[in-house]
Amino acid sequence: MTRVNKTKGVQAVDRALAILETLAREGSPMMLSAISAELKLNISTVHRLLNALAAHGLVEQEPYQGRYRLGIRAFEIGNRALYSLDIRSIARPALHQLVDDFNETANLAILDKYEVVYIDQVESSNIIKMLARPGTRAPAYCTGAGKVLLAYLSEKQLNIFLNEVPLYPYTATTIIDPVHLREELQQIRRQGFALDHGEREEGVRCVAAPVFNHENRVIAAVSVAGPANRMPPDMMAGKLATAVVQVALQIGRHLGYQHR
């Protein structure tokens, strides 16, 4: 349970921050009563603070079930905090190295609300290339980076995802069976990388690997994407996957990850 500072002058701030931390840690929408119980605070107090946080876009309430989740403003602040941790400047030389070695577009991505969000990119010099501008979102279940990030969710978070997110068939290779997707994510976790054989866009292939932080927690994914005619399956699962995994580990070590 999050500890709440009882100093009168900052009590409201402490409690509001405790609510945000609770929602972030839970990773899925929570009922008012659950937040109150978690923080051991009166429901009326929590409700008042939630309304104040919602007014600033830090919290959102679902229109039907009435559950609360982090708002877009919290994501924007968190995203800026991510930048301030310098993950992009740490990752950029490694992304450049991947492009130098394979001349395909390299990306850095994070997970938000079960969507993958691309936060940095180094482009291929090829005329025909894959682009996902920073800030672009895509469904996580049918992209290489997204599948990597889903693979390292907790069992509880993954169950919520599989129960709440519709699996739309973007292409003939999109995985739309929850059982099959779960098996795919388990395989990704075992091998340490994900392959995307045109699951989001026909003719586009991708290899992705997880970036761990100092808490041994996956916070981002590195991916390399290109057209199918330049990325045969044996190359993807072989030397490209090896290179992407090594680059992701390299970035993680700069963030304090201790690889065993």
# chains A, B, ... in the order shown; residues from 1 in each chain; ligands from 1
>>> select_by_dssp(residues="stretch 24-231 of chain A", states="strand (DSSP E or B)", output="PyMOL selection string")
chain A and resi 30+59-61+68-70+105-112+115-122+137-139+194-197+204-212+218-227
>>> residues_around(residues="A:His259", least_positions_apart="3", cutoff="9 Å", atoms="only C-alpha atoms", output="PyMOL selection string")
chain A and resi 212+216+249+252-253
>>> write_last_selection(atoms="N, CA and C atoms", output="compact mmCIF listing (two decimals), in the first residue's frame")
# COMPACT_ATOMS: atom_id res chain seq x y z
N PHE A 212 15.05 -3.36 -20.77
CA PHE A 212 14.83 -3.45 -19.33
C PHE A 212 15.49 -2.26 -18.63
N ASN A 216 14.86 -4.21 -13.57
CA ASN A 216 14.63 -5.40 -14.40
C ASN A 216 13.20 -5.46 -14.92
N LEU A 249 19.66 -4.84 -25.08
CA LEU A 249 20.41 -5.09 -23.84
C LEU A 249 21.41 -3.96 -23.58
N GLY A 252 19.54 -1.12 -22.18
CA GLY A 252 19.16 -1.46 -20.81
C GLY A 252 20.31 -1.32 -19.83
N ARG A 253 21.50 -1.72 -20.24
CA ARG A 253 22.66 -1.58 -19.35
C ARG A 253 22.93 -0.13 -19.01
>>> closest_residue(among="A:Val46, A:Ala220, A:Val211, A:Ala106", to="A:Gln258", atoms="only C-alpha atoms")
A:Val211
>>> residues_around(residues="A:Tyr152", least_positions_apart="5", cutoff="10 Å", atoms="only C-alpha atoms", output="list in words")
Lys147, Gln157, Leu158, Leu185, Gln186, Ile188, Arg189, Pro210, Arg217, Val218 and Ile219 of chain A
>>> select_by_dssp(residues="stretch 5-232 of chain A", states="helix (DSSP H, G or I)", output="PyMOL selection string")
chain A and resi 8-26+32-39+43-55+72-84+87-102+140-142+144-151+155-164+178-191+228-230
>>> closest_atom_pairs(of="stretch 49-139 of chain A", to="stretch 191-204 of chain A", cutoff="9 Å", atoms="only C-alpha atoms", output="CSV")
residue,atom,partner,partner_atom,distance
A:Met130,CA,A:Val204,CA,7.6
A:Ala138,CA,A:Arg200,CA,8.5
A:Pro139,CA,A:Arg200,CA,8.2
>>> residues_around(residues="A:Val117", least_positions_apart="6", cutoff="9 Å", atoms="only C-alpha atoms", output="ChimeraX atom specification")
/A:108-111,134-138,140,146
>>> atom_distance(atom1="atom CA of A:Ile77", atom2="atom CA of A:Leu167")
29.3 Å
>>> atom_distance(atom1="atom CA of A:Gly57", atom2="atom CA of A:Gly71")
5.4 Å
>>> atom_distance(atom1="atom CA of A:His47", atom2="atom CA of A:Ile35")
9.5 Å
>>> closest_residue(among="A:Thr22, A:Leu149, A:Val179, A:Ala34", to="A:Glu115", atoms="only C-alpha atoms")
A:Leu149
>>> closest_residue(among="A:Gly144, A:Glu164, A:Ser33, A:Asn42", to="A:Val116", atoms="only C-alpha atoms")
A:Gly144
>>> residues_around(residues="A:Asn103", least_positions_apart="5", cutoff="10 Å", atoms="only C-alpha atoms", output="number ranges by chain")
A: 96-98, 122-126, 129, 224-226, 230
>>> closest_residue(among="A:Val165, A:Ile72, A:Met231, A:Ala145", to="A:Ala248", atoms="only C-alpha atoms")
A:Ala145
>>> closest_residue(among="A:Val148, A:Asn107, A:Ala209, A:Ala74", to="A:Leu95", atoms="only C-alpha atoms")
A:Asn107
>>> decode(residues="stretch 133-164 of chain A", atoms="N, CA and C atoms", output="PDB file, in the first residue's frame")
ATOM      1  N   ARG A 133       6.273   7.785 -37.440  1.00  0.00           N
ATOM      2  CA  ARG A 133       6.786   9.009 -36.830  1.00  0.00           C
ATOM      3  C   ARG A 133       6.614   8.991 -35.307  1.00  0.00           C
ATOM      4  N   PRO A 134       7.566   9.589 -34.563  1.00  0.00           N
ATOM      5  CA  PRO A 134       7.410   9.678 -33.110  1.00  0.00           C
ATOM      6  C   PRO A 134       6.054  10.257 -32.727  1.00  0.00           C
ATOM      7  N   GLY A 135       5.390   9.576 -31.811  1.00  0.00           N
ATOM      8  CA  GLY A 135       4.039   9.944 -31.399  1.00  0.00           C
ATOM      9  C   GLY A 135       2.971   9.091 -32.056  1.00  0.00           C
ATOM     10  N   THR A 136       3.357   8.361 -33.108  1.00  0.00           N
ATOM     11  CA  THR A 136       2.406   7.476 -33.785  1.00  0.00           C
ATOM     12  C   THR A 136       2.023   6.312 -32.880  1.00  0.00           C
ATOM     13  N   ARG A 137       0.742   5.954 -32.895  1.00  0.00           N
ATOM     14  CA  ARG A 137       0.241   4.826 -32.122  1.00  0.00           C
ATOM     15  C   ARG A 137      -0.183   3.699 -33.055  1.00  0.00           C
ATOM     16  N   ALA A 138      -0.137   2.476 -32.532  1.00  0.00           N
ATOM     17  CA  ALA A 138      -0.601   1.316 -33.296  1.00  0.00           C
ATOM     18  C   ALA A 138      -1.068   0.256 -32.307  1.00  0.00           C
ATOM     19  N   PRO A 139      -1.959  -0.634 -32.738  1.00  0.00           N
ATOM     20  CA  PRO A 139      -2.390  -1.723 -31.851  1.00  0.00           C
ATOM     21  C   PRO A 139      -1.186  -2.576 -31.442  1.00  0.00           C
ATOM     22  N   ALA A 140      -1.097  -2.894 -30.171  1.00  0.00           N
ATOM     23  CA  ALA A 140       0.071  -3.629 -29.684  1.00  0.00           C
ATOM     24  C   ALA A 140       0.086  -5.081 -30.145  1.00  0.00           C
ATOM     25  N   TYR A 141      -1.076  -5.704 -30.282  1.00  0.00           N
ATOM     26  CA  TYR A 141      -1.123  -7.149 -30.510  1.00  0.00           C
ATOM     27  C   TYR A 141      -0.674  -7.575 -31.905  1.00  0.00           C
ATOM     28  N   CYS A 142      -0.553  -6.609 -32.833  1.00  0.00           N
ATOM     29  CA  CYS A 142      -0.186  -6.988 -34.195  1.00  0.00           C
ATOM     30  C   CYS A 142       1.026  -6.223 -34.707  1.00  0.00           C
ATOM     31  N   THR A 143       1.880  -5.770 -33.798  1.00  0.00           N
ATOM     32  CA  THR A 143       3.141  -5.136 -34.163  1.00  0.00           C
ATOM     33  C   THR A 143       4.261  -5.804 -33.378  1.00  0.00           C
ATOM     34  N   GLY A 144       5.467  -5.804 -33.948  1.00  0.00           N
ATOM     35  CA  GLY A 144       6.581  -6.445 -33.274  1.00  0.00           C
ATOM     36  C   GLY A 144       6.868  -5.831 -31.923  1.00  0.00           C
ATOM     37  N   ALA A 145       7.031  -4.505 -31.882  1.00  0.00           N
ATOM     38  CA  ALA A 145       7.317  -3.825 -30.616  1.00  0.00           C
ATOM     39  C   ALA A 145       6.177  -4.013 -29.625  1.00  0.00           C
ATOM     40  N   GLY A 146       4.948  -3.929 -30.118  1.00  0.00           N
ATOM     41  CA  GLY A 146       3.796  -4.089 -29.236  1.00  0.00           C
ATOM     42  C   GLY A 146       3.729  -5.474 -28.621  1.00  0.00           C
ATOM     43  N   LYS A 147       3.988  -6.502 -29.428  1.00  0.00           N
ATOM     44  CA  LYS A 147       3.937  -7.870 -28.897  1.00  0.00           C
ATOM     45  C   LYS A 147       5.013  -8.089 -27.845  1.00  0.00           C
ATOM     46  N   VAL A 148       6.194  -7.503 -28.056  1.00  0.00           N
ATOM     47  CA  VAL A 148       7.249  -7.610 -27.039  1.00  0.00           C
ATOM     48  C   VAL A 148       6.781  -6.993 -25.720  1.00  0.00           C
ATOM     49  N   LEU A 149       6.177  -5.817 -25.794  1.00  0.00           N
ATOM     50  CA  LEU A 149       5.740  -5.127 -24.584  1.00  0.00           C
ATOM     51  C   LEU A 149       4.591  -5.868 -23.901  1.00  0.00           C
ATOM     52  N   LEU A 150       3.697  -6.456 -24.682  1.00  0.00           N
ATOM     53  CA  LEU A 150       2.615  -7.261 -24.103  1.00  0.00           C
ATOM     54  C   LEU A 150       3.166  -8.525 -23.446  1.00  0.00           C
ATOM     55  N   ALA A 151       4.212  -9.093 -24.029  1.00  0.00           N
ATOM     56  CA  ALA A 151       4.759 -10.357 -23.531  1.00  0.00           C
ATOM     57  C   ALA A 151       5.283 -10.248 -22.110  1.00  0.00           C
ATOM     58  N   TYR A 152       5.656  -9.034 -21.697  1.00  0.00           N
ATOM     59  CA  TYR A 152       6.222  -8.858 -20.361  1.00  0.00           C
ATOM     60  C   TYR A 152       5.242  -8.213 -19.380  1.00  0.00           C
ATOM     61  N   LEU A 153       3.963  -8.173 -19.742  1.00  0.00           N
ATOM     62  CA  LEU A 153       2.949  -7.749 -18.781  1.00  0.00           C
ATOM     63  C   LEU A 153       2.788  -8.818 -17.705  1.00  0.00           C
ATOM     64  N   SER A 154       2.247  -8.403 -16.557  1.00  0.00           N
ATOM     65  CA  SER A 154       1.901  -9.388 -15.531  1.00  0.00           C
ATOM     66  C   SER A 154       0.739 -10.230 -16.043  1.00  0.00           C
ATOM     67  N   GLU A 155       0.520 -11.386 -15.424  1.00  0.00           N
ATOM     68  CA  GLU A 155      -0.579 -12.253 -15.822  1.00  0.00           C
ATOM     69  C   GLU A 155      -1.918 -11.528 -15.687  1.00  0.00           C
ATOM     70  N   LYS A 156      -2.043 -10.732 -14.629  1.00  0.00           N
ATOM     71  CA  LYS A 156      -3.284  -9.984 -14.405  1.00  0.00           C
ATOM     72  C   LYS A 156      -3.516  -8.968 -15.515  1.00  0.00           C
ATOM     73  N   GLN A 157      -2.468  -8.216 -15.875  1.00  0.00           N
ATOM     74  CA  GLN A 157      -2.602  -7.215 -16.927  1.00  0.00           C
ATOM     75  C   GLN A 157      -2.892  -7.864 -18.277  1.00  0.00           C
ATOM     76  N   LEU A 158      -2.254  -8.996 -18.546  1.00  0.00           N
ATOM     77  CA  LEU A 158      -2.488  -9.683 -19.811  1.00  0.00           C
ATOM     78  C   LEU A 158      -3.920 -10.203 -19.896  1.00  0.00           C
ATOM     79  N   ASN A 159      -4.430 -10.732 -18.790  1.00  0.00           N
ATOM     80  CA  ASN A 159      -5.819 -11.212 -18.776  1.00  0.00           C
ATOM     81  C   ASN A 159      -6.791 -10.072 -19.060  1.00  0.00           C
ATOM     82  N   ILE A 160      -6.533  -8.915 -18.467  1.00  0.00           N
ATOM     83  CA  ILE A 160      -7.389  -7.743 -18.708  1.00  0.00           C
ATOM     84  C   ILE A 160      -7.332  -7.363 -20.183  1.00  0.00           C
ATOM     85  N   PHE A 161      -6.127  -7.341 -20.732  1.00  0.00           N
ATOM     86  CA  PHE A 161      -5.970  -7.009 -22.149  1.00  0.00           C
ATOM     87  C   PHE A 161      -6.765  -7.967 -23.037  1.00  0.00           C
ATOM     88  N   LEU A 162      -6.612  -9.266 -22.802  1.00  0.00           N
ATOM     89  CA  LEU A 162      -7.276 -10.255 -23.638  1.00  0.00           C
ATOM     90  C   LEU A 162      -8.793 -10.214 -23.493  1.00  0.00           C
ATOM     91  N   ASN A 163      -9.265  -9.772 -22.336  1.00  0.00           N
ATOM     92  CA  ASN A 163     -10.711  -9.679 -22.101  1.00  0.00           C
ATOM     93  C   ASN A 163     -11.320  -8.390 -22.655  1.00  0.00           C
ATOM     94  N   GLU A 164     -10.520  -7.332 -22.735  1.00  0.00           N
ATOM     95  CA  GLU A 164     -11.080  -6.020 -23.065  1.00  0.00           C
ATOM     96  C   GLU A 164     -10.746  -5.511 -24.457  1.00  0.00           C
TER      97      GLU A 164
END
